[in-house]
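Shown next, in structure tokens, is the structure this report addresses.
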Amino acid sequence: MGNWNILIRDSWFDGGQIPTPEPHYTSPDIICTQETQVRDPQETFANNYNIDRSRQPIANQNNYIYVRGKNCGRSSSGGKVYLFWFGSALLVPPDHWKNNALQADNNGEMKPYARFPSVPPQGVTVTPVPFVWTPNNGHYCFYSVVSTPEHPWSVNDIPSFDGWDEVVTWVRYHPNIGQRNVTLIENPNTPQWDSLDLLDNSFIEDLTVMVCAKCTNVPVGTTVTLKDTNLNIDHSEKTTKPNQTIYSRHVPLPSGYHGYVETLARLPSGVSRWPYGAGITTTLHYGKSADSEVARFAHDFGPDEAHPTVKEAKASVGRGGRPGVLIALGSCSTVYQPTD
């Protein structure tokens with residue numbers, strides 16, 4: 001279990017409990033304001049702790065990103081917060097992003113961290129100056145980490161992992177780590193989405209994986225395709241309701257694999273615009289036996305536990321006639337944000 005006292009939430013469901021609940025990639029505390037710098041970040045974001053004010057970043061221009069945290073310790077505390085980025089990925093070891101630190105202004109000097117002002121217990125602290133980021137086109141993942149005088153942290157504290165079970169445990173047991181996936185605004189009025197998300201299985205470990213695309217508020221009849229021909233993933237399906245998850249079949253993911261899962265979504269004939277807030281989240285799950293140590297992180301599919309594809313994937317990793325479990329490893333989201 002990691003030492004920590006300032007919480008950066010992984011999602012709205014994260015209240016500092018250990019392990020962190022799913023999802024662990026939608027942090028409301030990593031806040032992009034696009035090209036606008038906020039006059040009083042503490043007033044704007046601390047006093048609206050239950051509101052997500054983040055916007056989708058805009059490609060090829062400066063974007064400003066603030067981070068907030070809640071002091072869950074027993075005494076006043078502040079510290080440093082680091083913000084790392086990586087290209088859109090469903091599967092990537094932490095040591096791949098540890099050298100991608102964003103910069104913030106520290107008394108006139110750009111450094112790879114921003115400062116959290118000290119706040120009393122249960123207080124919310126916000127970086128008074130933003131991180132500055134000028135991204136290219138595509139999707140990205142942010143990772144924020146807090147270091148405090150009580151619980152110091154540096155990039156050297158990212159351990160050397162032997163496998164994905166250790167990565168999952170590390171993320172879920174460190175409330176001072178937050179993650180948020182973002183999509184850049186390029187041409188949001190296009191009738192088709194097409195994203196490529198990295199799979200980098202750098203460990204000496206073969207996996208059984210299943211990919212799914214969770215659709216939110218999409219028009220009925222939208223065609224969603226999940227594809228990675230090298231892994232023999234090629235599944236297309238039309239939605240029958242606005243909120244629906246599309247599943248690929250389970251496939252083996254060999255050690256050392258480096259490739260991309262493509263997610264495509266096209267509007268039905270006669271529909272020219274996505275509804276505001278429509279989104280698609282692509283998630284990679286990997287299978288483990290139900291008696292494994294990381295089975296406690298099994299994903300809850302809700303009513304879709306009975307989906308034939310989910311059942312088949314669990315059966316493929318089961319033991320002794322008992323189905324296994326599926327654990328979420330990584331997710332990438334696209335959210336529709338119109339320009340007019």
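If you're wondering about the labels, chains in the structure tokens are A, B, ... by order shown, residues count from 1 in each chain, ligands from 1 in order shown.
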
Determine which residues of segment 147-261 of chain A receive a DSSP assignment of strand (DSSP E or B), computed from the backbone, and state them as a PyMOL selection string.
chain A and resi 147+177-183+185+192-200+207-216+223-228+233-238+244-247+251-253+258-261

Selection: 10 Å around Val224 of chain A, only C-alpha atoms, excl. self and same-chain fewer than 5 positions, as a ChimeraX atom specification:
/A:192-194,213-215,235-239,245-247,263-267,280

Quick one: of A:Gly69, A:Pro130, A:Pro120, A:Pro135, who's nearest to Gly87 of chain A, counting only C-alpha atoms?
A:Pro135

Fewer than 5 positions away in the same chain doesn't count, so skip those; otherwise give me all residues within 10 Å of Lys311 of chain A, counting only C-alpha atoms, as a VMD selection string.
chain A and resid 304 to 306 316 323 to 326

Contacts of segment 37-50 of chain A within 6 Å, only C-alpha atoms, excl. fewer than 2 positions in-chain, as a list in words:
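Answer for this query is Val124, Val126 and Pro128 of chain A.
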
Store the residues picked out above in a file with N, CA, C and O atoms, as a PDB file, in the first residue's frame.
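Ended up saving to again.pdb:
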ATOM      1  N   VAL A 124      -9.457  21.297   0.017  1.00  0.00           N
ATOM      2  CA  VAL A 124      -9.123  21.019  -1.380  1.00  0.00           C
ATOM      3  C   VAL A 124      -8.078  22.032  -1.832  1.00  0.00           C
ATOM      4  O   VAL A 124      -8.253  23.240  -1.657  1.00  0.00           O
ATOM      5  N   VAL A 126      -5.470  23.434  -5.040  1.00  0.00           N
ATOM      6  CA  VAL A 126      -5.450  23.529  -6.497  1.00  0.00           C
ATOM      7  C   VAL A 126      -4.139  24.184  -6.925  1.00  0.00           C
ATOM      8  O   VAL A 126      -3.670  25.132  -6.282  1.00  0.00           O
ATOM      9  N   PRO A 128      -1.983  26.775  -8.379  1.00  0.00           N
ATOM     10  CA  PRO A 128      -2.293  28.170  -8.711  1.00  0.00           C
ATOM     11  C   PRO A 128      -1.906  28.551 -10.132  1.00  0.00           C
ATOM     12  O   PRO A 128      -2.436  29.513 -10.689  1.00  0.00           O
TER      13      PRO A 128
END

Taking the chain letters and numbering used in this document, name the residues of segment 5-231 of chain A that DSSP puts in helix (DSSP H, G or I), as a compact mmCIF listing (two decimals) with all heavy atoms, in the first residue's frame.
# COMPACT_ATOMS: atom_id res chain seq x y z
N PRO A 41 -7.82 29.96 -9.56
CA PRO A 41 -8.07 28.52 -9.62
C PRO A 41 -8.61 27.95 -8.31
O PRO A 41 -9.47 27.06 -8.33
CB PRO A 41 -6.70 27.94 -9.96
CG PRO A 41 -5.95 29.06 -10.59
CD PRO A 41 -6.43 30.30 -9.91
N GLN A 42 -8.12 28.44 -7.18
CA GLN A 42 -8.60 27.91 -5.90
C GLN A 42 -10.09 28.17 -5.74
O GLN A 42 -10.85 27.27 -5.37
CB GLN A 42 -7.82 28.56 -4.74
CG GLN A 42 -8.12 27.98 -3.37
CD GLN A 42 -7.55 26.58 -3.18
OE1 GLN A 42 -6.59 26.20 -3.84
NE2 GLN A 42 -8.16 25.81 -2.29
N GLU A 43 -10.51 29.37 -6.03
CA GLU A 43 -11.93 29.70 -5.93
C GLU A 43 -12.75 28.90 -6.94
O GLU A 43 -13.82 28.37 -6.63
CB GLU A 43 -12.12 31.21 -6.17
CG GLU A 43 -13.57 31.67 -6.26
CD GLU A 43 -14.28 31.67 -4.90
OE1 GLU A 43 -13.58 31.69 -3.87
OE2 GLU A 43 -15.52 31.65 -4.90
N THR A 44 -12.25 28.81 -8.16
CA THR A 44 -13.02 28.19 -9.24
C THR A 44 -13.15 26.68 -9.07
O THR A 44 -14.23 26.12 -9.24
CB THR A 44 -12.34 28.48 -10.59
OG1 THR A 44 -12.28 29.89 -10.78
CG2 THR A 44 -13.12 27.85 -11.74
N PHE A 45 -12.05 26.01 -8.69
CA PHE A 45 -12.06 24.54 -8.69
C PHE A 45 -12.23 23.92 -7.31
O PHE A 45 -12.89 22.90 -7.18
CB PHE A 45 -10.78 24.02 -9.34
CG PHE A 45 -10.59 24.49 -10.76
CD1 PHE A 45 -9.42 25.11 -11.15
CD2 PHE A 45 -11.59 24.32 -11.70
CE1 PHE A 45 -9.25 25.55 -12.45
CE2 PHE A 45 -11.44 24.75 -13.01
CZ PHE A 45 -10.26 25.37 -13.39
N ALA A 46 -11.67 24.55 -6.27
CA ALA A 46 -11.83 23.99 -4.92
C ALA A 46 -13.26 24.14 -4.43
O ALA A 46 -13.81 23.24 -3.78
CB ALA A 46 -10.86 24.66 -3.95
N PRO A 94 3.95 1.63 -16.97
CA PRO A 94 4.19 2.98 -16.45
C PRO A 94 5.55 3.56 -16.82
O PRO A 94 5.68 4.78 -16.95
CB PRO A 94 4.05 2.80 -14.93
CG PRO A 94 3.10 1.66 -14.79
CD PRO A 94 3.46 0.73 -15.91
N ASP A 95 6.57 2.71 -16.98
CA ASP A 95 7.88 3.29 -17.28
C ASP A 95 7.93 3.89 -18.69
O ASP A 95 8.91 4.55 -19.05
CB ASP A 95 8.99 2.26 -17.08
CG ASP A 95 8.87 1.05 -17.99
OD1 ASP A 95 7.94 0.99 -18.80
OD2 ASP A 95 9.72 0.15 -17.87
N HIS A 96 6.87 3.69 -19.49
CA HIS A 96 6.83 4.30 -20.81
C HIS A 96 6.46 5.78 -20.74
O HIS A 96 6.78 6.54 -21.66
CB HIS A 96 5.83 3.57 -21.71
CG HIS A 96 6.34 2.26 -22.25
ND1 HIS A 96 7.09 1.40 -21.51
CD2 HIS A 96 6.19 1.68 -23.47
CE1 HIS A 96 7.39 0.33 -22.23
NE2 HIS A 96 6.86 0.47 -23.42
N VAL A 155 9.96 10.41 -9.59
CA VAL A 155 9.75 9.49 -10.70
C VAL A 155 10.54 8.20 -10.50
O VAL A 155 10.17 7.13 -11.02
CB VAL A 155 10.12 10.18 -12.04
CG1 VAL A 155 11.62 10.38 -12.14
CG2 VAL A 155 9.58 9.40 -13.23
N ASN A 156 11.59 8.26 -9.71
CA ASN A 156 12.37 7.05 -9.43
C ASN A 156 11.62 6.06 -8.56
O ASN A 156 12.06 4.91 -8.40
CB ASN A 156 13.70 7.43 -8.76
CG ASN A 156 14.61 8.23 -9.68
OD1 ASN A 156 14.62 8.01 -10.89
ND2 ASN A 156 15.34 9.17 -9.12
N ASP A 157 10.51 6.51 -7.97
CA ASP A 157 9.72 5.61 -7.13
C ASP A 157 8.77 4.72 -7.94
O ASP A 157 8.08 3.86 -7.37
CB ASP A 157 8.91 6.42 -6.11
CG ASP A 157 9.80 7.08 -5.08
OD1 ASP A 157 10.76 6.43 -4.63
OD2 ASP A 157 9.55 8.25 -4.74
N TRP A 164 1.58 -7.60 -15.51
CA TRP A 164 0.42 -6.72 -15.45
C TRP A 164 -0.31 -6.80 -14.12
O TRP A 164 -0.94 -5.82 -13.70
CB TRP A 164 -0.52 -7.03 -16.61
CG TRP A 164 0.11 -6.65 -17.91
CD1 TRP A 164 0.59 -7.48 -18.88
CD2 TRP A 164 0.38 -5.32 -18.36
NE1 TRP A 164 1.14 -6.76 -19.91
CE2 TRP A 164 1.01 -5.43 -19.63
CE3 TRP A 164 0.14 -4.05 -17.83
CZ2 TRP A 164 1.41 -4.32 -20.35
CZ3 TRP A 164 0.54 -2.94 -18.56
CH2 TRP A 164 1.17 -3.08 -19.80
N ASP A 165 -0.26 -7.93 -13.44
CA ASP A 165 -0.88 -8.01 -12.11
C ASP A 165 -0.27 -6.97 -11.18
O ASP A 165 -0.98 -6.31 -10.40
CB ASP A 165 -0.70 -9.40 -11.51
CG ASP A 165 -1.49 -10.47 -12.25
OD1 ASP A 165 -2.21 -10.12 -13.20
OD2 ASP A 165 -1.40 -11.65 -11.86
N GLU A 166 1.04 -6.79 -11.25
CA GLU A 166 1.71 -5.81 -10.39
C GLU A 166 1.33 -4.39 -10.78
O GLU A 166 1.17 -3.52 -9.90
CB GLU A 166 3.23 -5.98 -10.48
CG GLU A 166 3.75 -7.27 -9.87
CD GLU A 166 5.26 -7.36 -9.92
OE1 GLU A 166 5.90 -6.37 -10.34
OE2 GLU A 166 5.80 -8.40 -9.51
N VAL A 167 1.16 -4.12 -12.07
CA VAL A 167 0.76 -2.79 -12.51
C VAL A 167 -0.63 -2.46 -11.99
O VAL A 167 -0.88 -1.37 -11.46
CB VAL A 167 0.80 -2.69 -14.05
CG1 VAL A 167 0.25 -1.35 -14.51
CG2 VAL A 167 2.22 -2.88 -14.56
N VAL A 168 -1.57 -3.40 -12.15
CA VAL A 168 -2.94 -3.17 -11.69
C VAL A 168 -2.96 -2.89 -10.20
O VAL A 168 -3.62 -1.96 -9.73
CB VAL A 168 -3.82 -4.40 -12.03
CG1 VAL A 168 -5.17 -4.30 -11.33
CG2 VAL A 168 -4.01 -4.51 -13.54
N THR A 169 -2.23 -3.69 -9.43
CA THR A 169 -2.20 -3.51 -7.98
C THR A 169 -1.60 -2.17 -7.60
O THR A 169 -2.10 -1.47 -6.72
CB THR A 169 -1.41 -4.65 -7.32
OG1 THR A 169 -2.03 -5.90 -7.67
CG2 THR A 169 -1.41 -4.51 -5.81
N TRP A 170 -0.52 -1.78 -8.27
CA TRP A 170 0.16 -0.51 -7.97
C TRP A 170 -0.78 0.68 -8.17
O TRP A 170 -0.88 1.56 -7.32
CB TRP A 170 1.39 -0.39 -8.87
CG TRP A 170 2.18 0.87 -8.68
CD1 TRP A 170 2.98 1.20 -7.61
CD2 TRP A 170 2.29 1.96 -9.60
NE1 TRP A 170 3.56 2.43 -7.81
CE2 TRP A 170 3.17 2.92 -9.02
CE3 TRP A 170 1.75 2.22 -10.86
CZ2 TRP A 170 3.49 4.11 -9.66
CZ3 TRP A 170 2.08 3.40 -11.50
CH2 TRP A 170 2.94 4.33 -10.90
N VAL A 171 -1.50 0.71 -9.29
CA VAL A 171 -2.40 1.82 -9.58
C VAL A 171 -3.55 1.87 -8.58
O VAL A 171 -3.90 2.93 -8.06
CB VAL A 171 -2.94 1.71 -11.03
CG1 VAL A 171 -4.03 2.74 -11.27
CG2 VAL A 171 -1.81 1.90 -12.03
N ARG A 172 -4.13 0.72 -8.30
CA ARG A 172 -5.33 0.70 -7.46
C ARG A 172 -5.04 0.94 -5.98
O ARG A 172 -5.94 1.25 -5.22
CB ARG A 172 -6.04 -0.64 -7.65
CG ARG A 172 -6.45 -0.96 -9.09
CD ARG A 172 -7.60 -0.10 -9.56
NE ARG A 172 -8.84 -0.48 -8.95
CZ ARG A 172 -9.65 -1.43 -9.41
NH1 ARG A 172 -9.32 -2.11 -10.50
NH2 ARG A 172 -10.78 -1.71 -8.80
N THR A 229 -6.28 -6.56 -36.89
CA THR A 229 -6.19 -7.74 -37.74
C THR A 229 -5.05 -8.66 -37.31
O THR A 229 -5.14 -9.88 -37.50
CB THR A 229 -5.99 -7.32 -39.21
OG1 THR A 229 -4.88 -6.43 -39.31
CG2 THR A 229 -7.24 -6.61 -39.73
N ASN A 230 -3.99 -8.10 -36.71
CA ASN A 230 -2.89 -8.95 -36.25
C ASN A 230 -3.29 -9.85 -35.09
O ASN A 230 -2.69 -10.91 -34.89
CB ASN A 230 -1.69 -8.08 -35.83
CG ASN A 230 -1.06 -7.38 -37.01
OD1 ASN A 230 -1.00 -7.91 -38.11
ND2 ASN A 230 -0.59 -6.16 -36.78
N LEU A 231 -4.29 -9.44 -34.34
CA LEU A 231 -4.80 -10.26 -33.24
C LEU A 231 -6.08 -10.98 -33.62
O LEU A 231 -6.72 -11.64 -32.77
CB LEU A 231 -5.06 -9.39 -32.01
CG LEU A 231 -3.84 -8.78 -31.33
CD1 LEU A 231 -4.26 -7.93 -30.14
CD2 LEU A 231 -2.85 -9.86 -30.88

For Asp14 of chain A: contacts at 10 Å, only C-alpha atoms, fewer than 6 positions along chain excluded, given as JSON, numbers by chain:
{"A": [7, 8, 20, 21, 22, 23, 24, 27, 175]}

Output N, CA, C and O atoms for every residue in that selection, as a compact mmCIF listing (two decimals), in the first residue's frame.
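Listed below is the output, again00.txt:
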# COMPACT_ATOMS: atom_id res chain seq x y z
N LEU A 7 -5.36 13.20 -1.89
CA LEU A 7 -6.06 12.34 -2.84
C LEU A 7 -6.29 13.06 -4.17
O LEU A 7 -6.78 14.19 -4.19
N ILE A 8 -5.92 12.40 -5.26
CA ILE A 8 -6.38 12.78 -6.60
C ILE A 8 -7.30 11.68 -7.07
O ILE A 8 -6.88 10.53 -7.22
N THR A 20 -8.60 1.51 -5.08
CA THR A 20 -9.44 2.46 -5.81
C THR A 20 -10.49 1.72 -6.62
O THR A 20 -10.19 0.73 -7.29
N PRO A 21 -11.75 2.17 -6.58
CA PRO A 21 -12.78 1.51 -7.38
C PRO A 21 -12.67 1.87 -8.86
O PRO A 21 -12.02 2.86 -9.23
N GLU A 22 -13.29 1.07 -9.69
CA GLU A 22 -13.39 1.41 -11.12
C GLU A 22 -14.41 2.53 -11.30
O GLU A 22 -15.30 2.70 -10.48
N PRO A 23 -14.28 3.27 -12.42
CA PRO A 23 -13.16 3.26 -13.37
C PRO A 23 -11.99 4.06 -12.82
O PRO A 23 -12.18 4.92 -11.96
N HIS A 24 -10.78 3.77 -13.27
CA HIS A 24 -9.61 4.45 -12.74
C HIS A 24 -8.90 5.26 -13.82
O HIS A 24 -7.68 5.37 -13.82
N SER A 27 -10.35 10.79 -14.03
CA SER A 27 -10.16 11.71 -12.91
C SER A 27 -10.80 13.07 -13.17
O SER A 27 -10.43 13.76 -14.13
N PRO A 175 -3.75 6.12 -3.94
CA PRO A 175 -4.71 7.21 -4.16
C PRO A 175 -4.06 8.54 -4.53
O PRO A 175 -4.76 9.48 -4.89

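Using only C-alpha atoms, the smallest distance between any of A:His250, A:His285, A:Arg9, A:His174 and Leu90 of chain A comes from A:His285.
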
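By chain and then residue number, the residues within 6 Å of Ser144 of chain A are A:Tyr82, A:Leu83, A:Ile177, A:Gly178, counting only C-alpha atoms and disregarding those fewer than 4 positions away in sequence.
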
File of the preceding selection, all heavy atoms, as an mmCIF file, in the first residue's frame:
data_model
loop_
_atom_site.group_PDB
_atom_site.id
_atom_site.type_symbol
_atom_site.label_atom_id
_atom_site.label_comp_id
_atom_site.auth_asym_id
_atom_site.auth_seq_id
_atom_site.Cartn_x
_atom_site.Cartn_y
_atom_site.Cartn_z
ATOM 1 N N TYR A 82 2.990 16.256 -10.048
ATOM 2 C CA TYR A 82 3.581 15.995 -11.356
ATOM 3 C C TYR A 82 2.468 15.567 -12.310
ATOM 4 O O TYR A 82 1.521 14.870 -11.906
ATOM 5 C CB TYR A 82 4.631 14.894 -11.264
ATOM 6 C CG TYR A 82 5.786 15.216 -10.339
ATOM 7 C CD1 TYR A 82 5.680 15.015 -8.968
ATOM 8 C CD2 TYR A 82 6.984 15.719 -10.844
ATOM 9 C CE1 TYR A 82 6.738 15.306 -8.110
ATOM 10 C CE2 TYR A 82 8.052 16.013 -10.004
ATOM 11 C CZ TYR A 82 7.921 15.801 -8.641
ATOM 12 O OH TYR A 82 8.959 16.096 -7.799
ATOM 13 N N LEU A 83 2.591 15.950 -13.569
ATOM 14 C CA LEU A 83 1.601 15.567 -14.578
ATOM 15 C C LEU A 83 2.333 15.032 -15.794
ATOM 16 O O LEU A 83 3.138 15.734 -16.414
ATOM 17 C CB LEU A 83 0.731 16.757 -14.960
ATOM 18 C CG LEU A 83 -0.446 16.459 -15.887
ATOM 19 C CD1 LEU A 83 -1.442 15.505 -15.224
ATOM 20 C CD2 LEU A 83 -1.160 17.751 -16.283
ATOM 21 N N ILE A 177 -2.250 8.885 -7.037
ATOM 22 C CA ILE A 177 -2.076 8.811 -8.485
ATOM 23 C C ILE A 177 -3.440 8.957 -9.153
ATOM 24 O O ILE A 177 -4.399 8.265 -8.783
ATOM 25 C CB ILE A 177 -1.440 7.473 -8.910
ATOM 26 C CG1 ILE A 177 -0.043 7.330 -8.289
ATOM 27 C CG2 ILE A 177 -1.356 7.367 -10.431
ATOM 28 C CD1 ILE A 177 0.589 5.984 -8.541
ATOM 29 N N GLY A 178 -3.547 9.862 -10.103
ATOM 30 C CA GLY A 178 -4.786 10.032 -10.859
ATOM 31 C C GLY A 178 -4.532 9.856 -12.339
ATOM 32 O O GLY A 178 -3.432 10.127 -12.832
#

Nearest candidate to Asp200 of chain A (options A:Gly221, A:Pro242, A:Pro308, A:Gly256; using only C-alpha atoms):
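Checking each of A:Gly221, A:Pro242, A:Pro308, A:Gly256 against Asp200 of chain A, counting only C-alpha atoms, the winner is A:Gly256.
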
Name the residues in contact with Tyr113 of chain A at a cut-off of 12 Å, using only C-alpha atoms, excluding same-chain residues fewer than 4 positions from it; report them as a PyMOL selection string.
chain A and resi 65-67+79-84+100-106+109+127-132+144-147+153-155

Could you check the closest approach to Tyr173 of chain A for each of A:Thr281, A:Thr334, A:Gln17, A:Thr134 and tell me which residue wins, using only C-alpha atoms?
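Closest to Tyr173 of chain A, using only C-alpha atoms: A:Gln17.
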
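The smallest atom-to-atom distance between Val92 of chain A and any of A:His258, A:Lys111, A:Arg180, A:His139, using only C-alpha atoms, is found for A:His258.
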
I'd like the interatomic distance between atom CA of Gly78 of chain A and atom CA of Gly16 of chain A, to a tenth of an Å.
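Between these atoms lies a distance of 16.9 Å.
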